[in-house]
Amino acid sequence: MADFLRFSYSETRGSSGETLFRPILPVILTHRGTPYTAHAIIDSGADVNVLPYPIGIGLGGNWEQARTGLTLSGNLANYEARGILVNCTVGDLPSVQLAFAWTRAEHVPLLFGQVNFFMEFDVCFFRARSMFEIRSRS
Amino acid sequence: MLSDVLRHELEKLNRVEKLQVVQMLVTQLAREEELLTAGEYEVWSPYESAGAAAILMQMLEEDRQTNG
């Protein structure tokens, strides 16, 4: 099993056609046995992980039974959010359990934030070289 | 501020022409406003969500106690 994994920054296009480079991580999310392949933006400024509503539904999540009471900031403040626990696998690193703020918003990115992605993984950004590394805490 | 010359010229317009001027200005202002709003950017990252973070931490702890 690998100790760490290295990824290239993803090149994307902004709304004005400008080129953007982002640390986007391919992962497999699993909830109650349902796997879901997704790509998450690693966002060290985000206090929490954010799960878009459609991905939560795709994972078989039950919105009605999800933990209530979460309030998010920024644009996400306009949408109700609930808590959900999801298993996450990055490459062949050991799987971890992530807690997500599951937002009712649909057109938002999957975000990995401080709670608790950054508690499970050490991340090194090498933006000048357009790459980043993920190291499992364990 | 409108110059006396411009004000004088506008006052000479008939009713239809005045309405056309108003419509032209409204269209122009709406276009400029659109350009201004196009410069606004969405911020999805939850920077100030300590309360939500605390709830998620509590969920993880509860799950740890339940499932080991």
# chains A, B, ... in the order shown; residues from 1 in each chain; ligands from 1
call {"tool": "residues_around", "arguments": {"residues": "range 15-23 of chain A", "least_positions_apart": "6", "cutoff": "8 Å", "atoms": "only C-alpha atoms", "output": "PyMOL selection string"}}
result
chain A and resi 8-9+41-42+130-132
call {"tool": "closest_atom_pairs", "arguments": {"of": "chain B", "to": "chain A", "cutoff": "6 Å", "atoms": "only C-alpha atoms", "output": "JSON lines"}}
result
{"residue": "B:Val43", "atom": "CA", "partner": "A:Gly74", "partner_atom": "CA", "distance": 5.7}
{"residue": "B:Trp44", "atom": "CA", "partner": "A:Asn75", "partner_atom": "CA", "distance": 5.4}
{"residue": "B:Ser45", "atom": "CA", "partner": "A:Ala46", "partner_atom": "CA", "distance": 5.3}
{"residue": "B:Pro46", "atom": "CA", "partner": "A:Ser73", "partner_atom": "CA", "distance": 4.9}
{"residue": "B:Tyr47", "atom": "CA", "partner": "A:Ala46", "partner_atom": "CA", "distance": 5.0}
{"residue": "B:Glu48", "atom": "CA", "partner": "A:Ser73", "partner_atom": "CA", "distance": 5.8}
{"residue": "B:Ser49", "atom": "CA", "partner": "A:Leu72", "partner_atom": "CA", "distance": 5.3}
{"residue": "B:Ala52", "atom": "CA", "partner": "A:Leu70", "partner_atom": "CA", "distance": 4.8}
{"residue": "B:Ala53", "atom": "CA", "partner": "A:Val48", "partner_atom": "CA", "distance": 5.7}
{"residue": "B:Leu56", "atom": "CA", "partner": "A:Ala99", "partner_atom": "CA", "distance": 5.7}
call {"tool": "atom_distance", "arguments": {"atom1": "CA of Asn67 in chain B", "atom2": "CA of Pro94 in chain A"}}
result
17.8 Å
call {"tool": "residues_around", "arguments": {"residues": "Asn87 in chain A", "least_positions_apart": "2", "cutoff": "12 Å", "atoms": "only C-alpha atoms", "output": "PDB file with all heavy atoms, in the first residue's frame"}}
result
ATOM      1  N   VAL A  27     -11.643  10.493  -6.204  1.00  0.00           N
ATOM      2  CA  VAL A  27     -11.880   9.627  -5.041  1.00  0.00           C
ATOM      3  C   VAL A  27     -13.055   8.693  -5.312  1.00  0.00           C
ATOM      4  O   VAL A  27     -13.819   8.887  -6.262  1.00  0.00           O
ATOM      5  CB  VAL A  27     -12.210  10.452  -3.775  1.00  0.00           C
ATOM      6  CG1 VAL A  27     -11.036  11.316  -3.371  1.00  0.00           C
ATOM      7  CG2 VAL A  27     -13.458  11.297  -3.987  1.00  0.00           C
ATOM      8  N   ILE A  28     -13.163   7.688  -4.468  1.00  0.00           N
ATOM      9  CA  ILE A  28     -14.358   6.844  -4.465  1.00  0.00           C
ATOM     10  C   ILE A  28     -15.037   7.022  -3.113  1.00  0.00           C
ATOM     11  O   ILE A  28     -14.438   6.738  -2.066  1.00  0.00           O
ATOM     12  CB  ILE A  28     -14.008   5.362  -4.704  1.00  0.00           C
ATOM     13  CG1 ILE A  28     -13.384   5.202  -6.086  1.00  0.00           C
ATOM     14  CG2 ILE A  28     -15.261   4.486  -4.581  1.00  0.00           C
ATOM     15  CD1 ILE A  28     -12.915   3.796  -6.394  1.00  0.00           C
ATOM     16  N   LEU A  29     -16.247   7.519  -3.142  1.00  0.00           N
ATOM     17  CA  LEU A  29     -17.033   7.700  -1.922  1.00  0.00           C
ATOM     18  C   LEU A  29     -17.954   6.494  -1.772  1.00  0.00           C
ATOM     19  O   LEU A  29     -18.471   5.973  -2.766  1.00  0.00           O
ATOM     20  CB  LEU A  29     -17.854   8.987  -1.984  1.00  0.00           C
ATOM     21  CG  LEU A  29     -17.061  10.289  -2.210  1.00  0.00           C
ATOM     22  CD1 LEU A  29     -18.017  11.470  -2.339  1.00  0.00           C
ATOM     23  CD2 LEU A  29     -16.075  10.518  -1.078  1.00  0.00           C
ATOM     24  N   THR A  30     -18.166   6.076  -0.538  1.00  0.00           N
ATOM     25  CA  THR A  30     -19.050   4.936  -0.282  1.00  0.00           C
ATOM     26  C   THR A  30     -19.935   5.249   0.915  1.00  0.00           C
ATOM     27  O   THR A  30     -19.453   5.735   1.943  1.00  0.00           O
ATOM     28  CB  THR A  30     -18.237   3.666   0.023  1.00  0.00           C
ATOM     29  OG1 THR A  30     -17.264   3.471  -0.997  1.00  0.00           O
ATOM     30  CG2 THR A  30     -19.144   2.441   0.061  1.00  0.00           C
ATOM     31  N   HIS A  31     -21.220   4.982   0.756  1.00  0.00           N
ATOM     32  CA  HIS A  31     -22.166   5.186   1.854  1.00  0.00           C
ATOM     33  C   HIS A  31     -23.144   4.018   1.853  1.00  0.00           C
ATOM     34  O   HIS A  31     -23.856   3.802   0.875  1.00  0.00           O
ATOM     35  CB  HIS A  31     -22.915   6.512   1.652  1.00  0.00           C
ATOM     36  CG  HIS A  31     -23.899   6.820   2.735  1.00  0.00           C
ATOM     37  ND1 HIS A  31     -23.509   7.193   4.005  1.00  0.00           N
ATOM     38  CD2 HIS A  31     -25.249   6.827   2.738  1.00  0.00           C
ATOM     39  CE1 HIS A  31     -24.587   7.412   4.741  1.00  0.00           C
ATOM     40  NE2 HIS A  31     -25.657   7.194   3.995  1.00  0.00           N
ATOM     41  N   ARG A  32     -23.137   3.250   2.930  1.00  0.00           N
ATOM     42  CA  ARG A  32     -24.005   2.077   3.037  1.00  0.00           C
ATOM     43  C   ARG A  32     -23.840   1.146   1.839  1.00  0.00           C
ATOM     44  O   ARG A  32     -24.822   0.654   1.274  1.00  0.00           O
ATOM     45  CB  ARG A  32     -25.466   2.501   3.182  1.00  0.00           C
ATOM     46  CG  ARG A  32     -25.729   3.254   4.467  1.00  0.00           C
ATOM     47  CD  ARG A  32     -27.147   3.737   4.561  1.00  0.00           C
ATOM     48  NE  ARG A  32     -27.375   4.447   5.812  1.00  0.00           N
ATOM     49  CZ  ARG A  32     -28.433   5.202   6.059  1.00  0.00           C
ATOM     50  NH1 ARG A  32     -29.390   5.332   5.141  1.00  0.00           N
ATOM     51  NH2 ARG A  32     -28.562   5.811   7.209  1.00  0.00           N
ATOM     52  N   GLY A  33     -22.585   0.977   1.415  1.00  0.00           N
ATOM     53  CA  GLY A  33     -22.288   0.021   0.360  1.00  0.00           C
ATOM     54  C   GLY A  33     -22.404   0.544  -1.045  1.00  0.00           C
ATOM     55  O   GLY A  33     -22.050  -0.146  -2.004  1.00  0.00           O
ATOM     56  N   THR A  34     -22.894   1.765  -1.199  1.00  0.00           N
ATOM     57  CA  THR A  34     -23.043   2.323  -2.538  1.00  0.00           C
ATOM     58  C   THR A  34     -21.815   3.153  -2.896  1.00  0.00           C
ATOM     59  O   THR A  34     -21.561   4.186  -2.270  1.00  0.00           O
ATOM     60  CB  THR A  34     -24.293   3.216  -2.621  1.00  0.00           C
ATOM     61  OG1 THR A  34     -25.427   2.454  -2.215  1.00  0.00           O
ATOM     62  CG2 THR A  34     -24.492   3.740  -4.031  1.00  0.00           C
ATOM     63  N   PRO A  35     -21.022   2.717  -3.898  1.00  0.00           N
ATOM     64  CA  PRO A  35     -19.835   3.500  -4.286  1.00  0.00           C
ATOM     65  C   PRO A  35     -20.178   4.597  -5.282  1.00  0.00           C
ATOM     66  O   PRO A  35     -21.143   4.486  -6.046  1.00  0.00           O
ATOM     67  CB  PRO A  35     -18.928   2.448  -4.932  1.00  0.00           C
ATOM     68  CG  PRO A  35     -19.875   1.455  -5.511  1.00  0.00           C
ATOM     69  CD  PRO A  35     -21.120   1.465  -4.660  1.00  0.00           C
ATOM     70  N   TYR A  36     -19.400   5.646  -5.255  1.00  0.00           N
ATOM     71  CA  TYR A  36     -19.641   6.780  -6.146  1.00  0.00           C
ATOM     72  C   TYR A  36     -18.291   7.405  -6.487  1.00  0.00           C
ATOM     73  O   TYR A  36     -17.567   7.850  -5.592  1.00  0.00           O
ATOM     74  CB  TYR A  36     -20.555   7.795  -5.457  1.00  0.00           C
ATOM     75  CG  TYR A  36     -21.103   8.877  -6.352  1.00  0.00           C
ATOM     76  CD1 TYR A  36     -22.420   8.831  -6.806  1.00  0.00           C
ATOM     77  CD2 TYR A  36     -20.317   9.957  -6.744  1.00  0.00           C
ATOM     78  CE1 TYR A  36     -22.932   9.820  -7.626  1.00  0.00           C
ATOM     79  CE2 TYR A  36     -20.811  10.948  -7.560  1.00  0.00           C
ATOM     80  CZ  TYR A  36     -22.122  10.875  -7.991  1.00  0.00           C
ATOM     81  OH  TYR A  36     -22.640  11.860  -8.810  1.00  0.00           O
ATOM     82  N   THR A  37     -17.950   7.414  -7.756  1.00  0.00           N
ATOM     83  CA  THR A  37     -16.696   8.038  -8.190  1.00  0.00           C
ATOM     84  C   THR A  37     -16.896   9.545  -8.322  1.00  0.00           C
ATOM     85  O   THR A  37     -17.862   9.984  -8.960  1.00  0.00           O
ATOM     86  CB  THR A  37     -16.239   7.452  -9.535  1.00  0.00           C
ATOM     87  OG1 THR A  37     -16.066   6.038  -9.387  1.00  0.00           O
ATOM     88  CG2 THR A  37     -14.931   8.071  -9.982  1.00  0.00           C
ATOM     89  N   LEU A  59     -25.324   8.525  -3.570  1.00  0.00           N
ATOM     90  CA  LEU A  59     -24.736   7.596  -2.600  1.00  0.00           C
ATOM     91  C   LEU A  59     -25.808   6.851  -1.805  1.00  0.00           C
ATOM     92  O   LEU A  59     -25.480   5.998  -0.974  1.00  0.00           O
ATOM     93  CB  LEU A  59     -23.850   8.379  -1.617  1.00  0.00           C
ATOM     94  CG  LEU A  59     -22.478   8.783  -2.128  1.00  0.00           C
ATOM     95  CD1 LEU A  59     -21.867   9.864  -1.235  1.00  0.00           C
ATOM     96  CD2 LEU A  59     -21.557   7.569  -2.189  1.00  0.00           C
ATOM     97  N   ILE A  84     -23.662  14.206   7.193  1.00  0.00           N
ATOM     98  CA  ILE A  84     -23.675  12.815   6.724  1.00  0.00           C
ATOM     99  C   ILE A  84     -22.241  12.264   6.780  1.00  0.00           C
ATOM    100  O   ILE A  84     -21.285  12.992   6.515  1.00  0.00           O
ATOM    101  CB  ILE A  84     -24.255  12.716   5.289  1.00  0.00           C
ATOM    102  CG1 ILE A  84     -24.413  11.247   4.861  1.00  0.00           C
ATOM    103  CG2 ILE A  84     -23.406  13.489   4.299  1.00  0.00           C
ATOM    104  CD1 ILE A  84     -25.164  11.079   3.535  1.00  0.00           C
ATOM    105  N   LEU A  85     -22.127  11.001   7.160  1.00  0.00           N
ATOM    106  CA  LEU A  85     -20.820  10.340   7.207  1.00  0.00           C
ATOM    107  C   LEU A  85     -20.656   9.467   5.973  1.00  0.00           C
ATOM    108  O   LEU A  85     -21.566   8.709   5.613  1.00  0.00           O
ATOM    109  CB  LEU A  85     -20.697   9.473   8.472  1.00  0.00           C
ATOM    110  CG  LEU A  85     -20.842  10.211   9.807  1.00  0.00           C
ATOM    111  CD1 LEU A  85     -20.687   9.223  10.964  1.00  0.00           C
ATOM    112  CD2 LEU A  85     -19.816  11.324   9.930  1.00  0.00           C
ATOM    113  N   THR A  89     -12.127   6.763  -0.333  1.00  0.00           N
ATOM    114  CA  THR A  89     -10.901   6.066  -0.714  1.00  0.00           C
ATOM    115  C   THR A  89     -10.156   6.898  -1.754  1.00  0.00           C
ATOM    116  O   THR A  89     -10.724   7.290  -2.775  1.00  0.00           O
ATOM    117  CB  THR A  89     -11.209   4.678  -1.306  1.00  0.00           C
ATOM    118  OG1 THR A  89     -11.966   3.924  -0.361  1.00  0.00           O
ATOM    119  CG2 THR A  89      -9.923   3.932  -1.630  1.00  0.00           C
ATOM    120  N   VAL A  90      -8.893   7.171  -1.454  1.00  0.00           N
ATOM    121  CA  VAL A  90      -8.022   7.897  -2.387  1.00  0.00           C
ATOM    122  C   VAL A  90      -6.983   6.916  -2.893  1.00  0.00           C
ATOM    123  O   VAL A  90      -6.111   6.480  -2.126  1.00  0.00           O
ATOM    124  CB  VAL A  90      -7.326   9.083  -1.705  1.00  0.00           C
ATOM    125  CG1 VAL A  90      -6.476   9.851  -2.716  1.00  0.00           C
ATOM    126  CG2 VAL A  90      -8.345  10.005  -1.058  1.00  0.00           C
ATOM    127  N   PRO A  94      -5.330   3.890   2.651  1.00  0.00           N
ATOM    128  CA  PRO A  94      -6.401   3.323   3.479  1.00  0.00           C
ATOM    129  C   PRO A  94      -7.655   4.200   3.454  1.00  0.00           C
ATOM    130  O   PRO A  94      -7.563   5.429   3.493  1.00  0.00           O
ATOM    131  CB  PRO A  94      -5.775   3.304   4.879  1.00  0.00           C
ATOM    132  CG  PRO A  94      -4.305   3.316   4.652  1.00  0.00           C
ATOM    133  CD  PRO A  94      -4.087   4.108   3.414  1.00  0.00           C
ATOM    134  N   SER A  95      -8.813   3.553   3.395  1.00  0.00           N
ATOM    135  CA  SER A  95     -10.076   4.299   3.387  1.00  0.00           C
ATOM    136  C   SER A  95     -10.284   5.002   4.723  1.00  0.00           C
ATOM    137  O   SER A  95      -9.859   4.499   5.773  1.00  0.00           O
ATOM    138  CB  SER A  95     -11.249   3.358   3.123  1.00  0.00           C
ATOM    139  OG  SER A  95     -11.155   2.808   1.831  1.00  0.00           O
ATOM    140  N   VAL A  96     -10.932   6.149   4.672  1.00  0.00           N
ATOM    141  CA  VAL A  96     -11.214   6.906   5.892  1.00  0.00           C
ATOM    142  C   VAL A  96     -12.685   7.305   5.899  1.00  0.00           C
ATOM    143  O   VAL A  96     -13.357   7.288   4.858  1.00  0.00           O
ATOM    144  CB  VAL A  96     -10.354   8.181   5.989  1.00  0.00           C
ATOM    145  CG1 VAL A  96      -8.877   7.838   6.045  1.00  0.00           C
ATOM    146  CG2 VAL A  96     -10.635   9.105   4.814  1.00  0.00           C
ATOM    147  N   GLN A  97     -13.152   7.638   7.076  1.00  0.00           N
ATOM    148  CA  GLN A  97     -14.524   8.121   7.175  1.00  0.00           C
ATOM    149  C   GLN A  97     -14.506   9.651   7.207  1.00  0.00           C
ATOM    150  O   GLN A  97     -13.807  10.248   8.027  1.00  0.00           O
ATOM    151  CB  GLN A  97     -15.203   7.588   8.433  1.00  0.00           C
ATOM    152  CG  GLN A  97     -16.683   7.930   8.489  1.00  0.00           C
ATOM    153  CD  GLN A  97     -17.372   7.223   9.640  1.00  0.00           C
ATOM    154  OE1 GLN A  97     -16.996   7.392  10.781  1.00  0.00           O
ATOM    155  NE2 GLN A  97     -18.375   6.420   9.319  1.00  0.00           N
ATOM    156  N   LEU A  98     -15.256  10.251   6.317  1.00  0.00           N
ATOM    157  CA  LEU A  98     -15.343  11.710   6.262  1.00  0.00           C
ATOM    158  C   LEU A  98     -16.738  12.159   6.659  1.00  0.00           C
ATOM    159  O   LEU A  98     -17.734  11.518   6.313  1.00  0.00           O
ATOM    160  CB  LEU A  98     -15.021  12.224   4.859  1.00  0.00           C
ATOM    161  CG  LEU A  98     -13.612  11.954   4.315  1.00  0.00           C
ATOM    162  CD1 LEU A  98     -13.459  12.591   2.936  1.00  0.00           C
ATOM    163  CD2 LEU A  98     -12.546  12.479   5.265  1.00  0.00           C
ATOM    164  N   ALA A  99     -16.786  13.256   7.398  1.00  0.00           N
ATOM    165  CA  ALA A  99     -18.067  13.874   7.741  1.00  0.00           C
ATOM    166  C   ALA A  99     -18.280  15.054   6.800  1.00  0.00           C
ATOM    167  O   ALA A  99     -17.388  15.887   6.619  1.00  0.00           O
ATOM    168  CB  ALA A  99     -18.041  14.345   9.192  1.00  0.00           C
ATOM    169  N   PHE A 100     -19.456  15.100   6.196  1.00  0.00           N
ATOM    170  CA  PHE A 100     -19.747  16.148   5.214  1.00  0.00           C
ATOM    171  C   PHE A 100     -20.896  17.033   5.660  1.00  0.00           C
ATOM    172  O   PHE A 100     -21.854  16.556   6.278  1.00  0.00           O
ATOM    173  CB  PHE A 100     -20.163  15.518   3.874  1.00  0.00           C
ATOM    174  CG  PHE A 100     -19.025  14.993   3.053  1.00  0.00           C
ATOM    175  CD1 PHE A 100     -18.615  13.674   3.194  1.00  0.00           C
ATOM    176  CD2 PHE A 100     -18.374  15.801   2.137  1.00  0.00           C
ATOM    177  CE1 PHE A 100     -17.577  13.173   2.425  1.00  0.00           C
ATOM    178  CE2 PHE A 100     -17.329  15.304   1.367  1.00  0.00           C
ATOM    179  CZ  PHE A 100     -16.937  13.993   1.512  1.00  0.00           C
ATOM    180  N   ASN A 116     -13.390  16.967   7.832  1.00  0.00           N
ATOM    181  CA  ASN A 116     -12.251  16.402   8.504  1.00  0.00           C
ATOM    182  C   ASN A 116     -11.222  15.807   7.513  1.00  0.00           C
ATOM    183  O   ASN A 116     -10.378  14.988   7.925  1.00  0.00           O
ATOM    184  CB  ASN A 116     -12.703  15.297   9.472  1.00  0.00           C
ATOM    185  CG  ASN A 116     -13.341  14.108   8.728  1.00  0.00           C
ATOM    186  OD1 ASN A 116     -13.968  14.262   7.676  1.00  0.00           O
ATOM    187  ND2 ASN A 116     -13.158  12.923   9.282  1.00  0.00           N
ATOM    188  N   PHE A 117     -11.277  16.258   6.261  1.00  0.00           N
ATOM    189  CA  PHE A 117     -10.318  15.714   5.286  1.00  0.00           C
ATOM    190  C   PHE A 117      -8.884  15.997   5.721  1.00  0.00           C
ATOM    191  O   PHE A 117      -8.013  15.103   5.689  1.00  0.00           O
ATOM    192  CB  PHE A 117     -10.572  16.305   3.894  1.00  0.00           C
ATOM    193  CG  PHE A 117      -9.619  15.787   2.849  1.00  0.00           C
ATOM    194  CD1 PHE A 117      -9.869  14.575   2.212  1.00  0.00           C
ATOM    195  CD2 PHE A 117      -8.470  16.484   2.512  1.00  0.00           C
ATOM    196  CE1 PHE A 117      -8.981  14.077   1.262  1.00  0.00           C
ATOM    197  CE2 PHE A 117      -7.584  15.997   1.563  1.00  0.00           C
ATOM    198  CZ  PHE A 117      -7.846  14.790   0.941  1.00  0.00           C
ATOM    199  N   GLU A 120      -7.449  13.793   8.325  1.00  0.00           N
ATOM    200  CA  GLU A 120      -7.146  12.415   7.926  1.00  0.00           C
ATOM    201  C   GLU A 120      -5.951  12.329   6.984  1.00  0.00           C
ATOM    202  O   GLU A 120      -5.321  11.280   6.886  1.00  0.00           O
ATOM    203  CB  GLU A 120      -8.373  11.776   7.266  1.00  0.00           C
ATOM    204  CG  GLU A 120      -9.570  11.618   8.191  1.00  0.00           C
ATOM    205  CD  GLU A 120      -9.316  10.563   9.267  1.00  0.00           C
ATOM    206  OE1 GLU A 120      -8.358   9.783   9.145  1.00  0.00           O
ATOM    207  OE2 GLU A 120     -10.083  10.522  10.252  1.00  0.00           O
TER     208      GLU A 120
ATOM    209  N   LEU B  60     -18.766  12.387  14.140  1.00  0.00           N
ATOM    210  CA  LEU B  60     -17.655  11.425  14.029  1.00  0.00           C
ATOM    211  C   LEU B  60     -17.388  10.752  15.372  1.00  0.00           C
ATOM    212  O   LEU B  60     -17.154   9.543  15.439  1.00  0.00           O
ATOM    213  CB  LEU B  60     -16.398  12.140  13.533  1.00  0.00           C
ATOM    214  CG  LEU B  60     -16.406  12.562  12.060  1.00  0.00           C
ATOM    215  CD1 LEU B  60     -15.298  13.572  11.776  1.00  0.00           C
ATOM    216  CD2 LEU B  60     -16.244  11.339  11.156  1.00  0.00           C
TER     217      LEU B  60
END
